[in-house]
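Have a look at structure.txt below; it lists compact mmCIF, C-alpha atoms and all ligand atoms.
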# COMPACT_ATOMS: atom_id res chain seq x y z
CA MET W 1 22.05 29.52 -27.52
CA LYS W 2 21.71 29.69 -23.74
CA LEU W 3 18.57 31.58 -22.76
CA PRO W 4 18.41 33.77 -19.66
CA THR W 5 17.49 31.49 -16.76
CA LYS W 6 15.97 31.78 -13.34
CA ALA W 7 18.52 32.42 -10.59
CA GLU W 8 20.69 29.32 -10.41
CA PRO W 9 21.45 28.03 -6.91
CA LEU W 10 25.16 27.77 -6.27
CA MET W 11 26.51 24.22 -6.33
CA PRO W 12 28.95 23.45 -3.52
CA GLY W 13 32.54 22.96 -4.65
CA LEU W 14 34.15 19.54 -5.02
CA LEU W 15 36.24 18.25 -2.13
CA VAL W 16 39.22 16.30 -3.51
CA VAL W 17 41.03 14.18 -0.94
CA VAL W 18 44.44 12.85 -1.97
CA SER W 19 45.67 10.32 0.54
CA GLY W 20 47.82 7.24 0.89
CA PRO W 21 50.97 5.97 2.57
CA SER W 22 53.79 8.31 3.49
CA GLY W 23 56.37 8.43 0.71
CA ALA W 24 53.87 7.54 -2.03
CA GLY W 25 54.55 10.97 -3.47
CA LYS W 26 51.27 12.71 -2.52
CA GLY W 27 53.05 15.99 -1.82
CA THR W 28 54.94 16.13 -5.13
CA LEU W 29 51.81 15.06 -6.96
CA CYS W 30 49.64 17.74 -5.31
CA ASN W 31 52.27 20.43 -5.93
CA ALA W 32 52.38 19.55 -9.63
CA LEU W 33 48.59 19.52 -9.81
CA ARG W 34 48.31 22.88 -8.04
CA SER W 35 50.80 24.54 -10.35
CA GLU W 36 48.71 23.45 -13.34
CA TRP W 37 45.35 24.13 -11.72
CA PRO W 38 45.85 27.10 -9.40
CA HIS W 39 42.08 27.49 -9.03
CA LEU W 40 42.03 24.45 -6.73
CA GLY W 41 41.89 25.79 -3.18
CA TYR W 42 44.63 24.09 -1.19
CA SER W 43 43.98 23.44 2.47
CA VAL W 44 47.13 24.17 4.48
CA SER W 45 47.25 21.68 7.35
CA ALA W 46 48.24 22.32 10.94
CA THR W 47 50.96 20.23 12.53
CA THR W 48 53.08 19.90 15.66
CA ARG W 49 56.13 18.64 13.77
CA GLN W 50 59.16 20.89 13.32
CA PRO W 51 59.45 22.79 10.02
CA ARG W 52 61.88 21.17 7.56
CA PRO W 53 64.45 23.37 5.84
CA GLY W 54 62.69 25.61 3.35
CA GLU W 55 59.24 25.20 4.89
CA SER W 56 57.42 28.25 6.19
CA ASN W 57 54.49 28.84 8.48
CA GLY W 58 51.18 29.28 6.67
CA VAL W 59 52.58 28.04 3.35
CA ASN W 60 53.51 24.40 3.89
CA TYR W 61 51.85 23.99 7.28
CA PHE W 62 50.65 26.03 10.21
CA PHE W 63 53.14 25.02 12.90
CA TYR W 64 51.87 24.72 16.48
CA THR W 65 53.04 23.37 19.81
CA PRO W 66 51.31 20.22 21.09
CA ALA W 67 49.54 22.35 23.74
CA GLN W 68 48.20 24.75 21.12
CA PHE W 69 47.12 21.85 18.92
CA THR W 70 45.20 20.07 21.70
CA THR W 71 43.40 23.29 22.59
CA MET W 72 42.38 23.63 18.95
CA ILE W 73 41.08 20.03 18.95
CA GLU W 74 38.94 20.86 21.98
CA GLN W 75 37.65 23.97 20.21
CA ASN W 76 36.51 21.84 17.25
CA HIS W 77 38.89 23.74 14.99
CA PHE W 78 39.65 20.68 12.84
CA LEU W 79 37.60 18.89 10.22
CA GLU W 80 39.81 15.88 10.95
CA TRP W 81 43.02 15.33 12.83
CA ALA W 82 45.40 12.42 13.33
CA PHE W 83 48.53 11.45 15.18
CA VAL W 84 50.96 10.46 12.43
CA TYR W 85 54.45 9.15 13.24
CA GLY W 86 54.77 11.04 16.51
CA ASN W 87 53.16 14.33 15.48
CA TYR W 88 49.67 15.75 15.24
CA TYR W 89 48.29 16.81 11.87
CA GLY W 90 44.91 18.39 11.21
CA THR W 91 42.79 20.11 8.58
CA PRO W 92 41.43 23.49 9.68
CA ARG W 93 37.66 23.27 9.29
CA ALA W 94 36.82 26.92 8.43
CA PHE W 95 38.85 27.14 5.20
CA VAL W 96 37.30 23.99 3.73
CA GLU W 97 33.74 24.88 4.68
CA GLU W 98 34.02 28.45 3.39
CA LYS W 99 35.50 27.49 0.02
CA LEU W 100 33.06 24.64 -0.60
CA SER W 101 30.02 26.71 0.25
CA ALA W 102 31.31 29.46 -2.07
CA GLY W 103 31.28 26.85 -4.87
CA GLU W 104 35.07 26.51 -5.00
CA ASP W 105 36.90 23.19 -5.20
CA VAL W 106 39.27 22.23 -2.39
CA LEU W 107 42.24 19.86 -2.35
CA LEU W 108 43.32 18.04 0.83
CA GLU W 109 46.54 16.06 1.06
CA ILE W 110 46.21 14.01 4.22
CA ASP W 111 46.97 10.61 5.71
CA ILE W 112 44.60 7.62 5.66
CA GLN W 113 43.19 8.05 9.19
CA GLY W 114 42.28 11.63 8.26
CA ALA W 115 40.73 10.69 4.91
CA LEU W 116 38.45 8.13 6.57
CA GLN W 117 37.25 10.78 9.05
CA VAL W 118 36.55 13.24 6.21
CA LYS W 119 34.64 10.56 4.30
CA LYS W 120 32.17 10.23 7.17
CA GLN W 121 31.39 13.95 6.92
CA TYR W 122 31.64 14.55 3.16
CA ASP W 123 30.46 11.43 1.40
CA LYS W 124 30.19 13.44 -1.85
CA GLY W 125 33.89 14.24 -1.79
CA VAL W 126 36.19 12.33 -4.12
CA PHE W 127 38.71 10.12 -2.34
CA ILE W 128 41.88 9.23 -4.23
CA PHE W 129 44.36 6.69 -2.88
CA VAL W 130 47.92 7.31 -4.09
CA ALA W 131 50.05 4.17 -3.95
CA PRO W 132 53.80 3.80 -4.52
CA PRO W 133 54.75 1.49 -7.41
CA SER W 134 56.66 -0.92 -5.12
CA MET W 135 58.18 -1.27 -1.65
CA GLU W 136 61.68 -0.90 -3.14
CA GLU W 137 60.73 2.39 -4.76
CA LEU W 138 59.05 3.59 -1.57
CA ARG W 139 62.18 2.80 0.45
CA ARG W 140 64.30 4.63 -2.13
CA ARG W 141 62.08 7.74 -2.04
CA ILE W 142 61.87 8.03 1.74
CA THR W 143 65.63 7.47 2.12
CA LEU W 144 66.40 9.95 -0.66
CA ARG W 145 64.27 12.62 1.00
CA GLY W 146 66.84 12.45 3.79
CA THR W 147 64.55 14.06 6.36
CA GLU W 148 63.69 10.98 8.43
CA PRO W 149 65.97 9.01 10.76
CA PRO W 150 66.36 5.25 10.00
CA ASP W 151 63.94 4.08 12.72
CA ILE W 152 61.18 6.34 11.33
CA ILE W 153 61.89 5.08 7.79
CA ARG W 154 61.51 1.50 9.02
CA GLN W 155 58.28 2.42 10.82
CA ARG W 156 56.83 4.09 7.70
CA LEU W 157 57.70 1.16 5.44
CA GLU W 158 56.08 -1.32 7.83
CA ALA W 159 52.96 0.84 8.02
CA THR W 160 52.62 0.91 4.22
CA ALA W 161 51.83 -2.78 4.00
CA THR W 162 48.88 -2.28 6.39
CA GLU W 163 47.80 0.96 4.76
CA VAL W 164 47.30 -0.43 1.25
CA ALA W 165 44.48 -2.55 2.70
CA TYR W 166 42.42 0.67 2.95
CA ALA W 167 42.54 1.36 -0.80
CA PRO W 168 39.13 -0.31 -1.51
CA GLN W 169 37.46 2.29 0.75
CA TYR W 170 38.49 5.02 -1.70
CA ASP W 171 36.84 5.99 -4.99
CA TYR W 172 40.03 5.82 -7.09
CA VAL W 173 43.57 4.45 -6.94
CA VAL W 174 46.47 6.25 -8.63
CA ILE W 175 49.80 4.42 -8.79
CA ASN W 176 52.51 7.01 -8.62
CA GLN W 177 55.08 5.44 -10.91
CA ASP W 178 55.43 8.30 -13.35
CA LEU W 179 54.59 11.75 -11.96
CA ARG W 180 53.23 13.05 -15.30
CA VAL W 181 50.87 10.12 -15.74
CA ALA W 182 49.71 10.33 -12.11
CA VAL W 183 48.94 14.07 -12.42
CA GLU W 184 46.98 13.45 -15.63
CA GLU W 185 45.01 10.67 -13.93
CA ILE W 186 44.06 12.93 -11.02
CA LYS W 187 43.01 15.69 -13.43
CA ALA W 188 40.89 13.17 -15.36
CA ILE W 189 39.24 12.00 -12.13
CA ILE W 190 38.37 15.57 -11.13
CA ILE W 191 37.03 16.42 -14.58
CA ALA W 192 34.86 13.29 -14.62
CA GLU W 193 33.61 13.87 -11.07
CA LYS W 194 32.51 17.38 -11.98
CA CYS W 195 30.35 15.92 -14.77
CA ARG W 196 28.37 13.65 -12.41
CA PRO W 197 24.65 14.47 -12.63
CA PHE W 198 24.26 15.51 -8.99
CA ARG W 199 27.01 18.11 -9.47
CA ARG W 200 25.79 19.28 -12.83
CA PRO W 201 22.07 19.83 -12.79
CA ILE W 202 20.62 20.47 -16.23
CA ARG W 203 18.62 23.66 -16.25
CA LEU W 204 17.22 24.27 -19.71
P1 LIG R 1 54.97 15.15 6.49
O1 LIG R 1 55.39 15.30 7.92
O2 LIG R 1 55.88 14.23 5.72
O3 LIG R 1 54.73 16.47 5.82
O4 LIG R 1 53.54 14.43 6.52
C1 LIG R 1 53.38 13.20 7.16
C2 LIG R 1 52.03 12.63 6.83
O5 LIG R 1 50.99 13.46 7.37
C3 LIG R 1 51.76 12.56 5.32
O6 LIG R 1 51.18 11.29 5.05
C4 LIG R 1 50.75 13.66 5.09
O7 LIG R 1 49.89 13.39 4.00
C5 LIG R 1 49.99 13.65 6.39
N1 LIG R 1 49.27 14.90 6.63
C6 LIG R 1 49.62 16.15 6.27
N2 LIG R 1 48.67 17.02 6.65
C7 LIG R 1 47.69 16.31 7.24
C8 LIG R 1 46.42 16.65 7.83
O8 LIG R 1 45.98 17.79 7.87
N3 LIG R 1 45.70 15.63 8.35
C9 LIG R 1 46.12 14.33 8.32
N4 LIG R 1 45.33 13.42 8.84
N5 LIG R 1 47.30 13.98 7.78
C10 LIG R 1 48.07 14.96 7.25
If you took the structure in this file and wrote it as structure tokens, what would it be?
Ligand code: 5GP
Amino acid sequence: MKLPTKAEPLMPGLLVVVSGPSGAGKGTLCNALRSEWPHLGYSVSATTRQPRPGESNGVNYFFYTPAQFTTMIEQNHFLEWAFVYGNYYGTPRAFVEEKLSAGEDVLLEIDIQGALQVKKQYDKGVFIFVAPPSMEELRRRITLRGTEPPDIIRQRLEATATEVAYAPQYDYVVINQDLRVAVEEIKAIIIAEKCRPFRRPIRL
């Protein structure tokens, strides 16, 4: 039986960073994870790219002009930001800091440059590298998405080869061959991370 205890200090939430090459399926993976675990706070990124059909402001991204975005960089609005394939992307700092200090877990789905910046600030976060199963499959997925012109597709595929070299800087690698398996692996990683002794002090 658990006895009444002295006031327990609140543990900060877990910062989960899902990152990897474009087209590896991070978005689909995070959407599936969020629908199963709605308690994970999802950080909506800011971007200067145009909304795709079906995307709305404040849900998929916060959409800004390049001038607005650069002002926000100067105002230290972002936890990290990066220039990815011709557009700016950034994680609003306030949301992440507020949730974590309230003891809530936060999920970020960001590119590799961004993840490496976050790692410098939150070394206790968990960094998961999502890799596509093969170059052929990656090409198929990006082409199928139908949102990128051929020169951008070529650019993204070339970048992937360089990007996989960053995988050893992450805590975990998930190969996104089968969506179900990949979601289960990410859930297992989060569950295990929450059991680490520094996140789970024993107060008898
Ligand atoms: P897309 O334009 O396809 O939605 O995203 C392009 C790339 O930008 C993806 O690799 C995505 O993970 C990344 N991205 C989305 N939001 C952010 C962010 O806030 N910061 C960084 N660094 N990358 C992001």
Residues within 9 Å of ligand LIG 1 (chain R) (all atoms listed in the file), as a PyMOL selection string? chain W and resi 18-24+26-27+43-47+49-52+60-61+78-85+87-92+108-117+147-148
Between CA of Leu14 in chain W and CA of Gln121 in chain W - distance in Å to one decimal =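 Spanning CA of Gln121 in chain W to CA of Leu14 in chain W is a straight-line distance of 13.5 Å.
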Margin query: Residues within 6 Å of Phe127 in chain W, please, as an MDAnalysis selection string. Count all atoms listed in the file; anything in the same chain fewer than 4 positions from it doesn't count.
Written below: chainID W and resid 17 170:171
For the interface of range 28-121 of chain W with range 187-199 of chain W (cut-off 12 Å, counting all atoms listed in the file), please tabulate each contacting residue of range 28-121 of chain W alongside its nearest pair of atoms and their separation in Å to one decimal, rows sorted by chain and increasing number, as a tab-separated table.
residue	atom	partner	partner_atom	distance
W:Leu29	CA	W:Lys187	CA	10.9
W:Cys30	CA	W:Lys187	CA	10.7
W:Ala32	CA	W:Lys187	CA	10.8
W:Leu33	CA	W:Lys187	CA	7.7
W:Arg34	CA	W:Lys187	CA	10.4
W:Glu36	CA	W:Lys187	CA	9.6
W:Trp37	CA	W:Lys187	CA	8.9
W:Leu40	CA	W:Ile190	CA	10.6
W:Gly103	CA	W:Arg199	CA	10.8
W:Glu104	CA	W:Lys194	CA	11.8
W:Asp105	CA	W:Ile190	CA	9.8
W:Val106	CA	W:Ile190	CA	11.0
W:Leu107	CA	W:Ile190	CA	10.5
Between CA of Gly41 in chain W and CA of Val183 in chain W lies a distance of 16.5 Å
What does the distance from CA of Thr28 in chain W to CA of Ile73 in chain W come to in Å, to one decimal?
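Computed distance, CA of Thr28 in chain W to CA of Ile73 in chain W, equals 28.1 Å.
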Between W:Thr162, W:Thr65, W:Ser101, W:Gln169, smallest distance to Val126 in chain W by only C-alpha atoms belongs to W:Gln169
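Shortest atom-to-atom contact with Phe63 in chain W among W:Gly86, W:Ala131, W:Ala182, W:Thr48: W:Thr48, counting only C-alpha atoms.
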I want to know what sits within 12 Å of Ala161 in chain W, based on all atoms listed in the file, with residues of the same chain fewer than 2 positions away left out; could you give that as JSON, numbers by chain? {"W": [20, 21, 22, 131, 132, 134, 135, 138, 154, 155, 156, 157, 158, 159, 163, 164, 165, 166, 167]}
How would the residues just picked look written out with C-alpha atoms as a PDB file, in the coordinates of the input?
ATOM      1  CA  GLY W  20      47.820   7.240   0.890  1.00  0.00           C
ATOM      2  CA  PRO W  21      50.970   5.970   2.570  1.00  0.00           C
ATOM      3  CA  SER W  22      53.790   8.310   3.490  1.00  0.00           C
ATOM      4  CA  ALA W 131      50.050   4.170  -3.950  1.00  0.00           C
ATOM      5  CA  PRO W 132      53.800   3.800  -4.520  1.00  0.00           C
ATOM      6  CA  SER W 134      56.660  -0.920  -5.120  1.00  0.00           C
ATOM      7  CA  MET W 135      58.180  -1.270  -1.650  1.00  0.00           C
ATOM      8  CA  LEU W 138      59.050   3.590  -1.570  1.00  0.00           C
ATOM      9  CA  ARG W 154      61.510   1.500   9.020  1.00  0.00           C
ATOM     10  CA  GLN W 155      58.280   2.420  10.820  1.00  0.00           C
ATOM     11  CA  ARG W 156      56.830   4.090   7.700  1.00  0.00           C
ATOM     12  CA  LEU W 157      57.700   1.160   5.440  1.00  0.00           C
ATOM     13  CA  GLU W 158      56.080  -1.320   7.830  1.00  0.00           C
ATOM     14  CA  ALA W 159      52.960   0.840   8.020  1.00  0.00           C
ATOM     15  CA  GLU W 163      47.800   0.960   4.760  1.00  0.00           C
ATOM     16  CA  VAL W 164      47.300  -0.430   1.250  1.00  0.00           C
ATOM     17  CA  ALA W 165      44.480  -2.550   2.700  1.00  0.00           C
ATOM     18  CA  TYR W 166      42.420   0.670   2.950  1.00  0.00           C
ATOM     19  CA  ALA W 167      42.540   1.360  -0.800  1.00  0.00           C
TER      20      ALA W 167
END
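Of the residues under consideration (W:Leu15, W:Leu10, W:Asp178, W:Gly146), W:Leu15 shows the shortest atom-to-atom contact distance to Lys124 in chain W when counting all atoms listed in the file.
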